[in-house]
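Below: one structure, written as structure tokens.
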Amino acid sequence: MSATLDHLFDQNVAWASQKTREDPQYFRRMAEQQAPRYLWIGCSDSRVTANDVLGLDPGEIFVHRNIANVVHTSDMNILSVLEFAVDQLKIEHVIVCGHYGCSGVNRAIAGEHSAMLDNWLLPVSMFYRKHRATFDAITDDVERVNRICEINVEMQVRRLAATPIVENAWLRGQTLHVHGWIYAIHDGLLRDLGPHVSSIGERDRLPSIDQMVLQPTEAESAMRRQAIAAFGAIDVTDPRLHACCPSGRIHNS
Ligand SMILES: [Zn+2]
């Protein structure tokens, strides 16, 4: 393979020419302006790309990604993206989207402390340690990580909704909805985890993240219902369908 990555330039030319053949005005339209309706805050994992997952074209979604989709309220990067999306682009939907099997979450609970990454993951690792007894009651390693992936999304939704950028938008009457979703790489389906925050009042009425840890996940997951609706003839009794995220994964005492 060439050290100059010529193959990527070749693929770029092939992609641009195909796009132009399909729609001669495509790039002219792209160059005029961007008017995305959504802001995606997701993981840097190379398999979880917002446009592909949602079937959207460039220009339709504004994107911020970092390892384990963490909202650090002192992170200039995410705050700048959020501010631009809310104040300039007037985006109405912010989606915090994690994914099952997240390596970042896996590392956060592994007790590592040798890299910059471990500083980044500190909110996740600290939360895991706080609720370790509950999480460790989940005996299956994959299920435990997946449950923390879900809780991590819930936590980041709350952190995002507490930022002055979001709060000020609500105070001036701007429409802004914050959602918490999770993506399953093994079947390509999104799951809405439920938090839907559209005002300061709704934010303040959310159960605390500590309460969320103790709530069992719904027996019939939204993801499963989506899969049935999407594929129709799917065999819902096939346990392999949801091998990484079965229901009842949390073991409450
Ligand atoms: Zn990840």
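The chains in the structure tokens are called A, B, ... from first to last as shown; in each chain the residues are counted from 1, and the ligands are counted from 1 in the order shown.
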Please build the interface table for segment 133-172 of chain A against segment 77-94 of chain A with a cut-off of 8 Å, listing for each qualifying residue the nearest atom pair and the distance in Å to one decimal; count only C-alpha atoms, order rows by chain and increasing number, and write it as a Markdown table.
```
| residue | atom | partner | partner_atom | distance |
| --- | --- | --- | --- | --- |
| A:Ile165 | CA | A:Glu83 | CA | 6.1 |
| A:Val166 | CA | A:Val86 | CA | 7.6 |
| A:Ala169 | CA | A:Val86 | CA | 7.4 |
```
For the residues in the current selection, export N, CA and C atoms as a tab-separated table (two decimals), in the first residue's frame.
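Result file again09.tsv:
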```
chain	number	residue	atom	x	y	z
A	165	ILE	N	-25.24	26.90	28.25
A	165	ILE	CA	-25.64	27.07	26.84
A	165	ILE	C	-27.07	26.55	26.63
A	166	VAL	N	-27.33	25.35	27.12
A	166	VAL	CA	-28.66	24.76	26.96
A	166	VAL	C	-29.67	25.49	27.85
A	169	ALA	N	-30.69	28.79	26.37
A	169	ALA	CA	-31.59	28.61	25.22
A	169	ALA	C	-33.02	28.42	25.71
```
Query raised in the report: Which chains and residue numbers are within 10 Å of ligand 1, counting only C-alpha atoms and all ligand atoms, if I want them as a PyMOL selection string?
Result: chain A and resi 42-48+65-70+97-106+149+183
Query raised in the report: Out of A:Arg203, A:His64, A:Arg159, A:Arg147, which residue has the shortest atom-to-atom distance to Gln215 of chain A when counting only C-alpha atoms?
Result: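 With only C-alpha atoms as the atom set, the closest residue is A:Arg147.
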Report task. Rank nothing, just name the residue among A:Thr73, A:Thr4, A:Asn146, A:Gln34 nearest to Ile109 of chain A, using only C-alpha atoms. Result ->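 Closest residue, counting only C-alpha atoms: A:Asn146.
Going from atom CA of Ile209 of chain A to atom CA of Thr175 of chain A covers 24.4 Å.
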Report summary line: Here atom CA of Pro195 of chain A and atom CA of Trp170 of chain A stand apart by 16.6 Å
Requested in this report: With a distance cut-off of 10 Å and only C-alpha atoms, select the neighbouring residues of Leu117 of chain A, excluding the residue or stretch itself and same-chain residues fewer than 3 positions from it, and output the selection as a list in words.
Outcome: Ile67, Gly104, Arg107, Ala108, Glu112, His113, Ser114, Trp120, Leu121 and Leu122 of chain A
How would the residues just picked look written out with N, CA and C atoms as a CSV table (one decimal), in the first residue's frame?
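Final output, saved to result-v1.csv:
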```
chain,number,residue,atom,x,y,z
A,67,ILE,N,-14.2,10.0,22.8
A,67,ILE,CA,-14.2,8.6,23.4
A,67,ILE,C,-15.2,8.5,24.5
A,104,GLY,N,-14.3,2.5,25.4
A,104,GLY,CA,-14.0,3.6,26.4
A,104,GLY,C,-14.6,3.3,27.7
A,107,ARG,N,-12.8,0.4,29.4
A,107,ARG,CA,-11.6,0.9,30.0
A,107,ARG,C,-11.8,1.6,31.3
A,108,ALA,N,-12.9,2.4,31.3
A,108,ALA,CA,-13.2,3.2,32.5
A,108,ALA,C,-13.5,2.4,33.7
A,112,GLU,N,-7.7,1.3,34.9
A,112,GLU,CA,-6.5,1.7,34.3
A,112,GLU,C,-6.2,3.2,34.7
A,113,HIS,N,-5.0,3.6,34.8
A,113,HIS,CA,-4.7,5.0,35.1
A,113,HIS,C,-3.4,5.4,34.6
A,114,SER,N,-3.0,4.9,33.4
A,114,SER,CA,-1.7,5.1,32.9
A,114,SER,C,-1.7,6.0,31.7
A,120,TRP,N,-9.7,11.5,30.9
A,120,TRP,CA,-10.9,11.8,30.1
A,120,TRP,C,-12.1,11.0,30.6
A,121,LEU,N,-11.8,9.7,30.9
A,121,LEU,CA,-12.9,8.8,31.3
A,121,LEU,C,-13.3,8.9,32.8
A,122,LEU,N,-12.7,9.8,33.5
A,122,LEU,CA,-12.8,9.9,34.9
A,122,LEU,C,-14.3,9.9,35.4
```
Report task. DSSP on the backbone, then: every residue of segment 117-187 of chain A marked helix (DSSP H, G or I), written as a VMD selection string. Result -> chain A and resid 117 to 120 122 to 130 132 to 136 141 to 161 164 to 171
Would you export the selected residues with N, CA and C atoms as a CSV table (one decimal), in the first residue's frame, please?
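Everything below was put into again04.csv:
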```
chain,number,residue,atom,x,y,z
A,117,LEU,N,-6.1,9.2,28.4
A,117,LEU,CA,-7.5,8.7,28.2
A,117,LEU,C,-8.2,8.4,29.6
A,118,ASP,N,-7.4,8.0,30.6
A,118,ASP,CA,-8.0,7.7,31.8
A,118,ASP,C,-8.5,8.9,32.6
A,119,ASN,N,-7.8,10.0,32.3
A,119,ASN,CA,-8.4,11.3,32.8
A,119,ASN,C,-9.7,11.7,32.2
A,120,TRP,N,-9.7,11.5,30.9
A,120,TRP,CA,-10.9,11.8,30.1
A,120,TRP,C,-12.1,11.0,30.6
A,122,LEU,N,-12.7,9.8,33.5
A,122,LEU,CA,-12.8,9.9,34.9
A,122,LEU,C,-14.3,9.9,35.4
A,123,PRO,N,-15.2,10.7,34.7
A,123,PRO,CA,-16.6,10.8,35.2
A,123,PRO,C,-17.2,9.4,35.1
A,124,VAL,N,-16.8,8.6,34.1
A,124,VAL,CA,-17.4,7.2,34.0
A,124,VAL,C,-16.8,6.3,35.1
A,125,SER,N,-15.5,6.4,35.2
A,125,SER,CA,-14.9,5.5,36.2
A,125,SER,C,-15.3,5.8,37.6
A,126,MET,N,-15.4,7.1,37.9
A,126,MET,CA,-15.8,7.5,39.3
A,126,MET,C,-17.3,7.1,39.6
A,127,PHE,N,-18.1,7.2,38.6
A,127,PHE,CA,-19.5,6.8,38.7
A,127,PHE,C,-19.6,5.2,38.9
A,128,TYR,N,-18.8,4.5,38.2
A,128,TYR,CA,-18.7,3.1,38.3
A,128,TYR,C,-18.3,2.7,39.8
A,129,ARG,N,-17.3,3.4,40.2
A,129,ARG,CA,-16.8,3.0,41.6
A,129,ARG,C,-17.9,3.3,42.7
A,130,LYS,N,-18.6,4.4,42.4
A,130,LYS,CA,-19.6,4.8,43.4
A,130,LYS,C,-20.7,3.8,43.5
A,132,ARG,N,-20.4,0.5,42.4
A,132,ARG,CA,-19.8,-0.7,42.0
A,132,ARG,C,-20.6,-2.0,42.5
A,133,ALA,N,-21.1,-1.9,43.7
A,133,ALA,CA,-21.8,-3.1,44.2
A,133,ALA,C,-23.0,-3.5,43.3
A,134,THR,N,-23.7,-2.4,42.8
A,134,THR,CA,-24.9,-2.7,41.9
A,134,THR,C,-24.4,-3.2,40.5
A,135,PHE,N,-23.4,-2.5,40.0
A,135,PHE,CA,-23.0,-3.0,38.7
A,135,PHE,C,-22.3,-4.3,38.7
A,136,ASP,N,-21.5,-4.6,39.7
A,136,ASP,CA,-20.8,-5.9,39.8
A,136,ASP,C,-21.8,-7.0,40.1
A,141,ASP,N,-20.0,-10.3,32.0
A,141,ASP,CA,-19.1,-9.1,31.7
A,141,ASP,C,-19.7,-8.2,30.6
A,142,VAL,N,-20.2,-8.9,29.6
A,142,VAL,CA,-20.7,-8.1,28.5
A,142,VAL,C,-22.0,-7.3,28.9
A,143,GLU,N,-22.8,-7.9,29.7
A,143,GLU,CA,-24.0,-7.3,30.1
A,143,GLU,C,-23.7,-6.1,31.1
A,144,ARG,N,-22.7,-6.3,31.9
A,144,ARG,CA,-22.3,-5.3,32.9
A,144,ARG,C,-21.8,-4.0,32.1
A,145,VAL,N,-20.9,-4.2,31.1
A,145,VAL,CA,-20.4,-3.1,30.3
A,145,VAL,C,-21.6,-2.4,29.6
A,146,ASN,N,-22.5,-3.2,29.0
A,146,ASN,CA,-23.6,-2.6,28.3
A,146,ASN,C,-24.5,-1.8,29.2
A,147,ARG,N,-24.7,-2.3,30.4
A,147,ARG,CA,-25.6,-1.5,31.3
A,147,ARG,C,-24.9,-0.2,31.6
A,148,ILE,N,-23.6,-0.2,31.8
A,148,ILE,CA,-22.9,1.0,32.1
A,148,ILE,C,-22.9,2.0,30.9
A,149,CYS,N,-22.9,1.4,29.7
A,149,CYS,CA,-23.0,2.2,28.5
A,149,CYS,C,-24.3,3.0,28.5
A,150,GLU,N,-25.4,2.3,28.9
A,150,GLU,CA,-26.7,2.9,29.0
A,150,GLU,C,-26.7,4.0,30.0
A,151,ILE,N,-26.2,3.7,31.2
A,151,ILE,CA,-26.2,4.7,32.3
A,151,ILE,C,-25.3,5.9,31.9
A,152,ASN,N,-24.2,5.6,31.2
A,152,ASN,CA,-23.3,6.7,30.8
A,152,ASN,C,-24.1,7.7,29.9
A,153,VAL,N,-24.9,7.2,29.0
A,153,VAL,CA,-25.7,8.1,28.2
A,153,VAL,C,-26.7,8.9,29.1
A,154,GLU,N,-27.3,8.3,30.0
A,154,GLU,CA,-28.2,9.0,30.9
A,154,GLU,C,-27.5,10.1,31.6
A,155,MET,N,-26.3,9.8,32.1
A,155,MET,CA,-25.5,10.7,32.8
A,155,MET,C,-25.1,11.9,31.9
A,156,GLN,N,-24.7,11.7,30.7
A,156,GLN,CA,-24.2,12.7,29.8
A,156,GLN,C,-25.4,13.6,29.4
A,157,VAL,N,-26.6,13.1,29.3
A,157,VAL,CA,-27.8,13.9,29.0
A,157,VAL,C,-28.0,14.9,30.1
A,158,ARG,N,-27.9,14.4,31.3
A,158,ARG,CA,-28.1,15.3,32.5
A,158,ARG,C,-27.0,16.4,32.5
A,159,ARG,N,-25.7,16.0,32.2
A,159,ARG,CA,-24.6,17.0,32.2
A,159,ARG,C,-24.9,18.1,31.1
A,160,LEU,N,-25.3,17.6,29.9
A,160,LEU,CA,-25.5,18.5,28.8
A,160,LEU,C,-26.6,19.5,29.1
A,161,ALA,N,-27.7,18.9,29.7
A,161,ALA,CA,-28.9,19.8,30.0
A,161,ALA,C,-28.6,20.8,31.1
A,164,PRO,N,-24.8,26.0,30.9
A,164,PRO,CA,-25.5,27.3,30.6
A,164,PRO,C,-25.9,27.5,29.2
A,165,ILE,N,-25.2,26.9,28.3
A,165,ILE,CA,-25.6,27.1,26.8
A,165,ILE,C,-27.1,26.5,26.6
A,166,VAL,N,-27.3,25.4,27.1
A,166,VAL,CA,-28.7,24.8,27.0
A,166,VAL,C,-29.7,25.5,27.8
A,167,GLU,N,-29.3,25.8,29.1
A,167,GLU,CA,-30.2,26.4,30.0
A,167,GLU,C,-30.6,27.8,29.5
A,168,ASN,N,-29.6,28.6,28.9
A,168,ASN,CA,-30.0,29.9,28.4
A,168,ASN,C,-30.9,29.8,27.2
A,169,ALA,N,-30.7,28.8,26.4
A,169,ALA,CA,-31.6,28.6,25.2
A,169,ALA,C,-33.0,28.4,25.7
A,170,TRP,N,-33.2,27.6,26.7
A,170,TRP,CA,-34.5,27.4,27.3
A,170,TRP,C,-35.1,28.7,27.9
A,171,LEU,N,-34.2,29.4,28.6
A,171,LEU,CA,-34.7,30.6,29.3
A,171,LEU,C,-35.2,31.7,28.3
```
